[in-house]
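Chemist: Let me give you the structure first, and then I'll get to my questions.
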Amino acid sequence: MLTRPDHPTDLSPLKAHEHVVARELELLCLPSKPWLREHATASGEPLRDVVIVGAGMNGVGAAAALIFKGVTNIAVLDAAAPGREGPWVTYARMDTLRSPKFLPGPIAGIPSLTFRAWYEAQHGELGWEALYKIPNAVWAEYLSWLQQVLRLPVSHGVRVTRIEPDHGHLALHVATSEGERVIHSRRVVLATGRGGAGGNHVPAFIDRGLWPDRAAHGNEPIDFAALAGKSVAVIGGSASAWDNAATALEQGVAKVAMYIRRETLPQINKGRGSAHQGFFHGWSGLDLAQRWKLAVYLNDRPAPPPHETVLRGLKQKGLHVHLGHGLAAVRATTGGIELDLQTAGGAITRAHDFLILGTGFAIDLDRVPELAIFAPDIARWGDVYTPPPDLQRPELAVYPFLGPAFELTPRSAGAPPELSRIHLLNHGAAASHGQIASDIPGTAIAAERLAVAIASAFFREDIAEVSATLDAFDEPELESTPFFAPR
């Protein structure tokens with residue numbers, strides 16, 4: 001538990017605020033007392049209760065929720081350096097978060113741990129009122145602060161390469177600068193973000209041989225300085241596509257042509273309309289047909305780019321937006337690339353120096369390295385539900401079918417039993433649980449749901465040891481009274 005300073009008035013504003021954090025946690029008796037005994041493998045290797053892969057907002061929220069429930073023998077692993085977890089200061093090229101500034105953040109029920117409380121501690125109420133939306137780097141700084149103030153057991157520079165079943169628990173093979181090793185855990189949470197369920201979406205007809213000299217995905221590192229003065233094609237009309245177009249022009253690219261298949265951009269963000277407590281808590285309780293129908297509704301109505309994002313792009317000279325232009329083929333040329341495009345007027349060809357794909361993320365568990373051993377046995381929505389013909393969507397059928405605790409479920413009886421000990425707290429959970437593990441508004445709810453379910457599962461698994469601890473509990477209550485009866 002955090003220790004409160006004796007003289008908070010002598011502290012900096014942020015340190016004084018951390019005193020408030022410590023006080024609120026003390027009032028709530030958090031973190032809770034650990035109640036699980038230590039476990040080991042058959043060969044005597046230490047066994048973590050939970051390993052969380054990813055120290056972004058979902059990973060931070062899950063770790064805090066578990067520790068608050070007395071599940072403290074955990075580890076949080078992230079391949080990135082401190083402060084660079086998640087997309088916020090890497091490939092997320094918008095100026096600010098798309099979410100409203102007033103959302104609490106990934107920790108449930110603790111006022112002093114909200115983003116607003118942290119921000120006001122440093123900038124005051126006037127600073128908060130002046131803030132329009134949260135800059136990416138500020139959000140990343142806030143998440144780093146949560147790691148520190150809650151003393152979460154985060155290890156950076158640790159990449160999980162694969163997960164294997166191992167006699168009722170899981171073996172995580174990890175790579176670090178010091179070499180490879182194995183970490184054993186009873187359960188694993190993959191808090192690996194938007195791309196954690198299949199990586200970047202690259203249309204099959206695009207030659208991967210174009211990488212890295214002639215093409216990049218918008219979610220990859222891009223050397224924009226090397227493209228200064230050149231002509232760049234951006235495929236797609238998503239927010240990410242607009243972000244990359246604006247960033248390219250801001251950093252010296254001479255011309256950006258955006259090729260958008262749709263004749264008009266989407267107008268209404270239905271995702272924002274579904275970002276409320278009913279959807280967050282109720283989605284996973286619906287039957288399969290109801291969940292599928294909602295998923296189809298949102299899938300068929302993609303979000304428009306935010307107006308701020310569009311206006312940012314339109315400020316830049318050299319931006320050319322081409323609606324009704326669908327990409328049909330790309331090929332390398334001596335000096336760059338050529339694009340074959342389909343328009344209402346027929347096929348056309350355009351030449352550019354470089355291609356950026358704003359095509360979003362894929363859902364394909366066969367492409368998740370950590371799950372390579374389990375992937376053939378993981379149930380997808382297409383395995384458990386057959387929609388009516390008018391609601392069939394192959395892009396939704398590939399989503400994993402998850403249980404109440406975000407756990408993977410088996411495709412057949414022959415699946416390794418350890419499969420259900422892996423919890424997918426990333427965008428792959430959207431069909432089963434809605435968007436609570438994808439976007440900021442529902443993050444705290446996802447973390448709480450996960451932690452409650454895992455704590456309950458451990459209680460059932462360890463009921464013999466828990467019962468023995470209860471039986472051994474021996475504190476005479478009446479020792480100081482006349483009714484004390486020594487045994």
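A note on labels: chains of the structure tokens are A, B, ... as shown, every chain counts residues from 1, and ligands are counted from 1 in their shown order.
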Would you kindly return, as a PyMOL selection string, each protein, DNA or RNA residue with an atom no farther than 7 Å from any atom of stretch 366-372 of chain A, considering only C-alpha atoms and excluding same-chain residues fewer than 3 positions away?
Modeler: chain A and resi 160-163+197-198+375
Chemist: Neighbouring residues of stretch 288-294 of chain A were defined as those with any atom within 10 Å, considering only C-alpha atoms; residues of the same chain fewer than 4 positions away were excluded. Please report them as a ChimeraX atom specification.
Modeler: /A:282-284,298-300,381,384-388,391-393,396-397,430-434
Chemist: Residues of the last selection are to be written out with N, CA and C atoms, as an mmCIF file, in the first residue's frame.
Modeler:
data_model
loop_
_atom_site.group_PDB
_atom_site.id
_atom_site.type_symbol
_atom_site.label_atom_id
_atom_site.label_comp_id
_atom_site.auth_asym_id
_atom_site.auth_seq_id
_atom_site.Cartn_x
_atom_site.Cartn_y
_atom_site.Cartn_z
ATOM 1 N N GLY A 282 -23.988 -4.492 -20.915
ATOM 2 C CA GLY A 282 -25.025 -5.368 -21.410
ATOM 3 C C GLY A 282 -24.685 -6.217 -22.611
ATOM 4 N N TRP A 283 -23.710 -5.793 -23.409
ATOM 5 C CA TRP A 283 -23.427 -6.483 -24.668
ATOM 6 C C TRP A 283 -23.181 -7.973 -24.461
ATOM 7 N N SER A 284 -22.286 -8.306 -23.558
ATOM 8 C CA SER A 284 -21.899 -9.715 -23.399
ATOM 9 C C SER A 284 -23.009 -10.569 -22.815
ATOM 10 N N LEU A 298 -22.890 -2.010 -36.416
ATOM 11 C CA LEU A 298 -21.742 -1.115 -36.260
ATOM 12 C C LEU A 298 -20.705 -1.341 -37.352
ATOM 13 N N ASN A 299 -20.528 -2.587 -37.761
ATOM 14 C CA ASN A 299 -19.575 -2.896 -38.819
ATOM 15 C C ASN A 299 -19.970 -2.210 -40.133
ATOM 16 N N ASP A 300 -21.260 -2.170 -40.420
ATOM 17 C CA ASP A 300 -21.747 -1.592 -41.670
ATOM 18 C C ASP A 300 -21.810 -0.068 -41.634
ATOM 19 N N TRP A 381 -16.266 -16.858 -34.057
ATOM 20 C CA TRP A 381 -17.708 -16.663 -34.118
ATOM 21 C C TRP A 381 -18.333 -17.509 -35.226
ATOM 22 N N VAL A 384 -19.463 -20.917 -33.988
ATOM 23 C CA VAL A 384 -20.518 -21.097 -32.987
ATOM 24 C C VAL A 384 -21.855 -20.497 -33.398
ATOM 25 N N TYR A 385 -21.851 -19.673 -34.461
ATOM 26 C CA TYR A 385 -23.107 -19.024 -34.834
ATOM 27 C C TYR A 385 -23.187 -18.875 -36.348
ATOM 28 N N THR A 386 -24.328 -19.280 -36.899
ATOM 29 C CA THR A 386 -24.594 -19.104 -38.327
ATOM 30 C C THR A 386 -25.701 -18.069 -38.486
ATOM 31 N N PRO A 387 -25.378 -16.878 -38.958
ATOM 32 C CA PRO A 387 -26.396 -15.831 -39.087
ATOM 33 C C PRO A 387 -27.272 -16.061 -40.305
ATOM 34 N N PRO A 388 -28.412 -15.389 -40.359
ATOM 35 C CA PRO A 388 -29.230 -15.466 -41.570
ATOM 36 C C PRO A 388 -28.468 -14.870 -42.752
ATOM 37 N N LEU A 391 -27.386 -11.226 -42.961
ATOM 38 C CA LEU A 391 -26.490 -10.726 -41.911
ATOM 39 C C LEU A 391 -25.138 -11.427 -41.919
ATOM 40 N N GLN A 392 -24.839 -12.179 -42.935
ATOM 41 C CA GLN A 392 -23.533 -12.838 -42.992
ATOM 42 C C GLN A 392 -22.448 -11.807 -43.317
ATOM 43 N N ARG A 393 -21.404 -11.801 -42.481
ATOM 44 C CA ARG A 393 -20.276 -10.900 -42.668
ATOM 45 C C ARG A 393 -18.990 -11.690 -42.387
ATOM 46 N N LEU A 396 -16.590 -10.504 -39.715
ATOM 47 C CA LEU A 396 -16.953 -10.670 -38.309
ATOM 48 C C LEU A 396 -16.855 -12.122 -37.860
ATOM 49 N N ALA A 397 -17.037 -13.045 -38.786
ATOM 50 C CA ALA A 397 -16.994 -14.469 -38.442
ATOM 51 C C ALA A 397 -15.631 -14.906 -37.935
ATOM 52 N N ALA A 430 -14.137 -7.548 -29.385
ATOM 53 C CA ALA A 430 -15.255 -6.662 -29.732
ATOM 54 C C ALA A 430 -16.551 -7.405 -30.037
ATOM 55 N N ALA A 431 -16.492 -8.509 -30.759
ATOM 56 C CA ALA A 431 -17.727 -9.217 -31.101
ATOM 57 C C ALA A 431 -18.366 -9.853 -29.873
ATOM 58 N N SER A 432 -17.562 -10.319 -28.939
ATOM 59 C CA SER A 432 -18.080 -11.001 -27.750
ATOM 60 C C SER A 432 -18.476 -10.043 -26.637
ATOM 61 N N HIS A 433 -17.733 -8.945 -26.475
ATOM 62 C CA HIS A 433 -17.943 -8.044 -25.336
ATOM 63 C C HIS A 433 -18.217 -6.602 -25.739
ATOM 64 N N GLY A 434 -18.308 -6.306 -27.011
ATOM 65 C CA GLY A 434 -18.425 -4.920 -27.420
ATOM 66 C C GLY A 434 -17.068 -4.242 -27.394
#
Chemist: Neighbouring residues of A:Ile422 were defined as those with any atom within 6 Å, considering only C-alpha atoms; residues of the same chain fewer than 2 positions away were excluded. Please report them as number ranges by chain.
Modeler: A: 187-189, 407-408, 419-420
Chemist: Could you save those same residues with all heavy atoms as a CSV table (one decimal), in the first residue's frame?
Modeler:
chain,number,residue,atom,x,y,z
A,187,ARG,N,-2.3,-18.0,-15.5
A,187,ARG,CA,-3.2,-17.4,-16.5
A,187,ARG,C,-2.4,-16.3,-17.2
A,187,ARG,O,-1.4,-15.7,-16.7
A,187,ARG,CB,-4.5,-16.8,-15.9
A,187,ARG,CG,-5.4,-17.9,-15.4
A,187,ARG,CD,-6.7,-17.3,-14.8
A,187,ARG,NE,-7.5,-18.5,-14.4
A,187,ARG,CZ,-8.5,-19.0,-15.1
A,187,ARG,NH1,-8.7,-18.6,-16.3
A,187,ARG,NH2,-9.2,-20.1,-14.7
A,188,VAL,N,-2.8,-16.0,-18.5
A,188,VAL,CA,-2.2,-14.9,-19.3
A,188,VAL,C,-3.3,-14.0,-19.8
A,188,VAL,O,-4.3,-14.4,-20.3
A,188,VAL,CB,-1.3,-15.5,-20.4
A,188,VAL,CG1,-0.9,-14.4,-21.4
A,188,VAL,CG2,-0.2,-16.3,-19.9
A,189,VAL,N,-3.0,-12.7,-19.7
A,189,VAL,CA,-3.9,-11.7,-20.3
A,189,VAL,C,-3.1,-11.0,-21.4
A,189,VAL,O,-2.1,-10.4,-21.2
A,189,VAL,CB,-4.3,-10.6,-19.2
A,189,VAL,CG1,-5.1,-9.5,-19.9
A,189,VAL,CG2,-5.1,-11.3,-18.1
A,407,GLU,N,-11.9,-15.0,-21.9
A,407,GLU,CA,-11.1,-16.1,-22.1
A,407,GLU,C,-11.3,-16.8,-23.5
A,407,GLU,O,-12.5,-16.8,-24.0
A,407,GLU,CB,-11.2,-17.2,-21.0
A,407,GLU,CG,-12.5,-18.0,-21.1
A,407,GLU,CD,-13.7,-17.3,-20.3
A,407,GLU,OE1,-13.7,-16.1,-20.2
A,407,GLU,OE2,-14.6,-18.1,-19.9
A,408,LEU,N,-10.3,-17.3,-24.1
A,408,LEU,CA,-10.4,-18.1,-25.3
A,408,LEU,C,-11.3,-19.3,-25.1
A,408,LEU,O,-11.2,-19.9,-24.0
A,408,LEU,CB,-9.1,-18.5,-25.9
A,408,LEU,CG,-8.1,-17.3,-26.3
A,408,LEU,CD1,-6.8,-17.9,-26.7
A,408,LEU,CD2,-8.7,-16.4,-27.3
A,419,LEU,N,-6.0,-23.6,-23.0
A,419,LEU,CA,-6.4,-22.5,-23.9
A,419,LEU,C,-7.3,-21.5,-23.2
A,419,LEU,O,-7.2,-20.3,-23.4
A,419,LEU,CB,-7.1,-23.2,-25.1
A,419,LEU,CG,-7.7,-22.3,-26.2
A,419,LEU,CD1,-7.6,-23.0,-27.5
A,419,LEU,CD2,-9.2,-21.9,-25.9
A,420,SER,N,-8.2,-22.0,-22.3
A,420,SER,CA,-9.1,-21.1,-21.6
A,420,SER,C,-8.5,-20.3,-20.5
A,420,SER,O,-9.1,-19.5,-19.9
A,420,SER,CB,-10.3,-22.0,-21.0
A,420,SER,OG,-9.8,-22.8,-20.0
Chemist: Could you please determine the separation between atom CA of A:Phe354 and atom CA of A:Ala80 in Å, to one decimal place?
Modeler: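 Separation of atom CA of A:Phe354 and atom CA of A:Ala80: 27.6 Å.
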Chemist: Record the distance separating atom CA of A:Lys101 and atom CA of A:Leu146, expressed in Å with one decimal.
Modeler: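 Those two atoms sit 16.9 Å apart.
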Chemist: List the neighbours of stretch 249-266 of chain A out to 6 Å using only C-alpha atoms; skip same-chain residues closer than 4 positions along the sequence, and give me the result as a PyMOL selection string.
Modeler: chain A and resi 227-237+304+318-326
Chemist: Take the residues that were just selected and, keeping all heavy atoms, output them as a CSV table (one decimal), in the first residue's frame.
Modeler:
chain,number,residue,atom,x,y,z
A,227,LEU,N,10.9,11.3,-47.3
A,227,LEU,CA,9.9,11.5,-48.4
A,227,LEU,C,9.7,13.0,-48.7
A,227,LEU,O,8.8,13.3,-49.5
A,227,LEU,CB,8.6,10.9,-47.9
A,227,LEU,CG,8.6,9.4,-47.7
A,227,LEU,CD1,7.2,8.9,-47.1
A,227,LEU,CD2,8.9,8.6,-48.9
A,228,ALA,N,10.5,13.8,-48.1
A,228,ALA,CA,10.4,15.3,-48.3
A,228,ALA,C,10.5,15.6,-49.8
A,228,ALA,O,11.4,15.1,-50.5
A,228,ALA,CB,11.4,16.0,-47.6
A,229,GLY,N,9.6,16.4,-50.3
A,229,GLY,CA,9.6,16.8,-51.7
A,229,GLY,C,9.0,15.8,-52.7
A,229,GLY,O,8.9,16.0,-53.9
A,230,LYS,N,8.5,14.7,-52.1
A,230,LYS,CA,8.0,13.6,-53.0
A,230,LYS,C,6.5,13.5,-53.0
A,230,LYS,O,5.8,14.3,-52.3
A,230,LYS,CB,8.6,12.3,-52.6
A,230,LYS,CG,10.1,12.2,-52.7
A,230,LYS,CD,10.7,10.8,-52.4
A,230,LYS,CE,12.2,10.8,-52.7
A,230,LYS,NZ,12.7,9.5,-52.5
A,231,SER,N,6.0,12.6,-53.8
A,231,SER,CA,4.5,12.4,-54.0
A,231,SER,C,4.1,11.1,-53.3
A,231,SER,O,4.7,10.1,-53.6
A,231,SER,CB,4.2,12.4,-55.5
A,231,SER,OG,2.8,12.0,-55.7
A,232,VAL,N,3.2,11.2,-52.4
A,232,VAL,CA,2.8,10.0,-51.6
A,232,VAL,C,1.3,9.7,-51.9
A,232,VAL,O,0.5,10.7,-51.9
A,232,VAL,CB,3.0,10.3,-50.1
A,232,VAL,CG1,2.4,9.2,-49.3
A,232,VAL,CG2,4.5,10.4,-49.9
A,233,ALA,N,1.0,8.5,-52.1
A,233,ALA,CA,-0.4,8.0,-52.2
A,233,ALA,C,-0.8,7.5,-50.8
A,233,ALA,O,-0.1,6.7,-50.2
A,233,ALA,CB,-0.6,7.0,-53.2
A,234,VAL,N,-2.0,7.9,-50.3
A,234,VAL,CA,-2.6,7.3,-49.1
A,234,VAL,C,-3.9,6.6,-49.5
A,234,VAL,O,-4.8,7.2,-50.1
A,234,VAL,CB,-2.8,8.4,-48.0
A,234,VAL,CG1,-3.6,7.8,-46.8
A,234,VAL,CG2,-1.5,9.0,-47.6
A,235,ILE,N,-4.0,5.4,-49.1
A,235,ILE,CA,-5.2,4.6,-49.4
A,235,ILE,C,-6.1,4.5,-48.2
A,235,ILE,O,-5.7,4.1,-47.1
A,235,ILE,CB,-4.8,3.1,-49.8
A,235,ILE,CG1,-3.8,3.1,-51.0
A,235,ILE,CG2,-6.1,2.3,-50.1
A,235,ILE,CD1,-4.4,3.8,-52.2
A,236,GLY,N,-7.4,5.0,-48.4
A,236,GLY,CA,-8.4,4.9,-47.3
A,236,GLY,C,-8.8,6.3,-46.9
A,236,GLY,O,-8.1,7.3,-47.1
A,237,GLY,N,-10.0,6.3,-46.2
A,237,GLY,CA,-10.5,7.5,-45.7
A,237,GLY,C,-10.7,7.5,-44.2
A,237,GLY,O,-11.4,8.4,-43.7
A,304,PRO,N,-16.8,8.1,-39.2
A,304,PRO,CA,-16.1,9.1,-40.0
A,304,PRO,C,-14.8,9.6,-39.3
A,304,PRO,O,-14.7,9.4,-38.1
A,304,PRO,CB,-17.1,10.2,-40.1
A,304,PRO,CG,-17.9,10.1,-38.8
A,304,PRO,CD,-17.9,8.6,-38.5
A,318,GLY,N,-1.1,20.9,-50.9
A,318,GLY,CA,-0.6,19.6,-51.5
A,318,GLY,C,-1.5,18.4,-51.2
A,318,GLY,O,-1.2,17.3,-51.7
A,319,LEU,N,-2.6,18.6,-50.5
A,319,LEU,CA,-3.5,17.5,-50.2
A,319,LEU,C,-4.6,17.4,-51.3
A,319,LEU,O,-5.2,18.4,-51.6
A,319,LEU,CB,-4.2,17.7,-48.9
A,319,LEU,CG,-5.2,16.5,-48.5
A,319,LEU,CD1,-4.5,15.2,-48.4
A,319,LEU,CD2,-6.0,16.9,-47.3
A,320,HIS,N,-4.7,16.3,-51.9
A,320,HIS,CA,-5.7,16.0,-53.0
A,320,HIS,C,-6.5,14.8,-52.5
A,320,HIS,O,-6.0,13.7,-52.4
A,320,HIS,CB,-5.0,15.8,-54.3
A,320,HIS,CG,-4.1,16.9,-54.7
A,320,HIS,ND1,-4.5,18.0,-55.5
A,320,HIS,CD2,-2.8,17.1,-54.4
A,320,HIS,CE1,-3.5,18.8,-55.7
A,320,HIS,NE2,-2.5,18.3,-55.0
A,321,VAL,N,-7.8,15.0,-52.4
A,321,VAL,CA,-8.7,13.9,-51.9
A,321,VAL,C,-9.5,13.4,-53.1
A,321,VAL,O,-10.3,14.2,-53.7
A,321,VAL,CB,-9.6,14.4,-50.8
A,321,VAL,CG1,-10.5,13.3,-50.3
A,321,VAL,CG2,-8.8,15.0,-49.6
A,322,HIS,N,-9.5,12.1,-53.4
A,322,HIS,CA,-10.1,11.5,-54.5
A,322,HIS,C,-11.2,10.5,-54.0
A,322,HIS,O,-10.8,9.4,-53.6
A,322,HIS,CB,-9.1,10.9,-55.4
A,322,HIS,CG,-8.1,11.8,-55.9
A,322,HIS,ND1,-8.3,12.7,-57.0
A,322,HIS,CD2,-6.8,12.0,-55.5
A,322,HIS,CE1,-7.2,13.4,-57.2
A,322,HIS,NE2,-6.3,12.9,-56.4
A,323,LEU,N,-12.4,10.9,-53.9
A,323,LEU,CA,-13.5,10.0,-53.5
A,323,LEU,C,-13.9,9.1,-54.7
A,323,LEU,O,-13.7,9.5,-55.8
A,323,LEU,CB,-14.7,10.8,-53.0
A,323,LEU,CG,-14.5,11.5,-51.7
A,323,LEU,CD1,-15.6,12.5,-51.5
A,323,LEU,CD2,-14.4,10.6,-50.5
A,324,GLY,N,-14.4,7.9,-54.4
A,324,GLY,CA,-14.9,7.0,-55.5
A,324,GLY,C,-13.7,6.5,-56.3
A,324,GLY,O,-13.9,6.1,-57.4
A,325,HIS,N,-12.6,6.3,-55.6
A,325,HIS,CA,-11.4,5.7,-56.3
A,325,HIS,C,-11.0,4.5,-55.5
A,325,HIS,O,-10.4,4.6,-54.4
A,325,HIS,CB,-10.2,6.7,-56.3
A,325,HIS,CG,-10.4,7.8,-57.3
A,325,HIS,ND1,-11.4,8.6,-57.4
A,325,HIS,CD2,-9.6,8.1,-58.4
A,325,HIS,CE1,-11.3,9.5,-58.4
A,325,HIS,NE2,-10.2,9.2,-59.0
A,326,GLY,N,-11.3,3.3,-55.9
A,326,GLY,CA,-10.9,2.1,-55.3
A,326,GLY,C,-9.6,1.5,-55.8
A,326,GLY,O,-9.5,1.4,-57.1
Chemist: Write out as a ChimeraX atom specification the residues lying within 10 Å of A:Phe205, counting only C-alpha atoms and excluding same-chain residues fewer than 4 positions away.
Modeler: /A:327-330
Chemist: Mind dumping the selected residues with N, CA and C atoms as a short mmCIF file (atom, residue, chain, number, x, y, z; two decimals), in the first residue's frame?
Modeler:
data_model
loop_
_atom_site.label_atom_id
_atom_site.label_comp_id
_atom_site.auth_asym_id
_atom_site.auth_seq_id
_atom_site.Cartn_x
_atom_site.Cartn_y
_atom_site.Cartn_z
N LEU A 327 -8.74 1.10 -54.95
CA LEU A 327 -7.45 0.55 -55.38
C LEU A 327 -7.65 -0.87 -55.89
N ALA A 328 -7.14 -1.13 -57.08
CA ALA A 328 -7.26 -2.46 -57.69
C ALA A 328 -5.93 -3.19 -57.74
N ALA A 329 -4.83 -2.46 -57.93
CA ALA A 329 -3.51 -3.10 -58.02
C ALA A 329 -2.43 -2.05 -57.78
N VAL A 330 -1.28 -2.52 -57.34
CA VAL A 330 -0.10 -1.67 -57.14
C VAL A 330 1.10 -2.41 -57.69
#
Chemist: Find the spatial neighbours of stretch 114-125 of chain A, counting only C-alpha atoms, within a cut-off of 6 Å - ignore same-chain residues fewer than 3 positions away - and output them as JSON, numbers by chain.
Modeler: {"A": [13, 14, 104, 105, 111, 128]}
Chemist: Keeping all heavy atoms for every residue in the selection just given, could you write it to a file as a PDB file, in the first residue's frame?
Modeler:
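Once everything was written out, this is selection.pdb:
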ATOM      1  N   PRO A  13       2.948  20.133  -6.467  1.00  0.00           N
ATOM      2  CA  PRO A  13       1.515  19.839  -6.673  1.00  0.00           C
ATOM      3  C   PRO A  13       1.241  18.381  -7.012  1.00  0.00           C
ATOM      4  O   PRO A  13       0.281  17.800  -6.492  1.00  0.00           O
ATOM      5  CB  PRO A  13       1.150  20.779  -7.821  1.00  0.00           C
ATOM      6  CG  PRO A  13       2.085  21.926  -7.684  1.00  0.00           C
ATOM      7  CD  PRO A  13       3.380  21.338  -7.211  1.00  0.00           C
ATOM      8  N   LEU A  14       2.070  17.784  -7.866  1.00  0.00           N
ATOM      9  CA  LEU A  14       1.814  16.394  -8.230  1.00  0.00           C
ATOM     10  C   LEU A  14       2.092  15.465  -7.054  1.00  0.00           C
ATOM     11  O   LEU A  14       1.339  14.509  -6.809  1.00  0.00           O
ATOM     12  CB  LEU A  14       2.652  15.986  -9.438  1.00  0.00           C
ATOM     13  CG  LEU A  14       2.369  14.574  -9.974  1.00  0.00           C
ATOM     14  CD1 LEU A  14       0.900  14.408 -10.336  1.00  0.00           C
ATOM     15  CD2 LEU A  14       3.252  14.266 -11.174  1.00  0.00           C
ATOM     16  N   PRO A 104     -12.853   8.986 -17.442  1.00  0.00           N
ATOM     17  CA  PRO A 104     -12.062   8.796 -16.220  1.00  0.00           C
ATOM     18  C   PRO A 104     -10.690   8.169 -16.420  1.00  0.00           C
ATOM     19  O   PRO A 104      -9.741   8.504 -15.727  1.00  0.00           O
ATOM     20  CB  PRO A 104     -12.950   7.886 -15.361  1.00  0.00           C
ATOM     21  CG  PRO A 104     -14.328   8.087 -15.894  1.00  0.00           C
ATOM     22  CD  PRO A 104     -14.168   8.342 -17.349  1.00  0.00           C
ATOM     23  N   GLY A 105     -10.574   7.224 -17.352  1.00  0.00           N
ATOM     24  CA  GLY A 105      -9.318   6.499 -17.498  1.00  0.00           C
ATOM     25  C   GLY A 105      -9.495   5.039 -17.165  1.00  0.00           C
ATOM     26  O   GLY A 105     -10.619   4.561 -16.952  1.00  0.00           O
ATOM     27  N   PRO A 111     -11.354   8.394  -7.555  1.00  0.00           N
ATOM     28  CA  PRO A 111     -11.366   9.726  -8.164  1.00  0.00           C
ATOM     29  C   PRO A 111      -9.979  10.319  -8.420  1.00  0.00           C
ATOM     30  O   PRO A 111      -9.745  10.934  -9.459  1.00  0.00           O
ATOM     31  CB  PRO A 111     -12.147  10.560  -7.148  1.00  0.00           C
ATOM     32  CG  PRO A 111     -13.057   9.579  -6.476  1.00  0.00           C
ATOM     33  CD  PRO A 111     -12.242   8.316  -6.382  1.00  0.00           C
ATOM     34  N   TRP A 128      -7.504  22.895 -16.838  1.00  0.00           N
ATOM     35  CA  TRP A 128      -8.439  21.864 -17.304  1.00  0.00           C
ATOM     36  C   TRP A 128      -9.507  22.474 -18.211  1.00  0.00           C
ATOM     37  O   TRP A 128      -9.833  21.921 -19.256  1.00  0.00           O
ATOM     38  CB  TRP A 128      -9.095  21.184 -16.106  1.00  0.00           C
ATOM     39  CG  TRP A 128     -10.236  20.292 -16.479  1.00  0.00           C
ATOM     40  CD1 TRP A 128     -11.572  20.564 -16.354  1.00  0.00           C
ATOM     41  CD2 TRP A 128     -10.156  18.986 -17.061  1.00  0.00           C
ATOM     42  NE1 TRP A 128     -12.330  19.518 -16.809  1.00  0.00           N
ATOM     43  CE2 TRP A 128     -11.483  18.533 -17.257  1.00  0.00           C
ATOM     44  CE3 TRP A 128      -9.096  18.163 -17.434  1.00  0.00           C
ATOM     45  CZ2 TRP A 128     -11.782  17.298 -17.803  1.00  0.00           C
ATOM     46  CZ3 TRP A 128      -9.388  16.918 -17.982  1.00  0.00           C
ATOM     47  CH2 TRP A 128     -10.706  16.494 -18.158  1.00  0.00           C
TER      48      TRP A 128
END
Chemist: Between atom CA of A:Glu418 and atom CA of A:Ala444, what is the distance, to one decimal in Å?
Modeler: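 Pair atom CA of A:Glu418 / atom CA of A:Ala444 returns 26.3 Å.
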Chemist: List every residue of stretch 87-249 of chain A that DSSP, applied to the backbone, labels as strand (DSSP E or B), and write the result as number ranges by chain.
Modeler: A: 96, 135, 154-156, 159-166, 169-176, 179-190, 200, 215-217, 231-235
Chemist: Considering only C-alpha atoms, state which residue in the set A:Ser456, A:Ala245, A:Ala447, A:Ala347 is at the smallest distance from A:Leu311.
Modeler: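 Distance minimum relative to A:Leu311 lands on A:Ala245.
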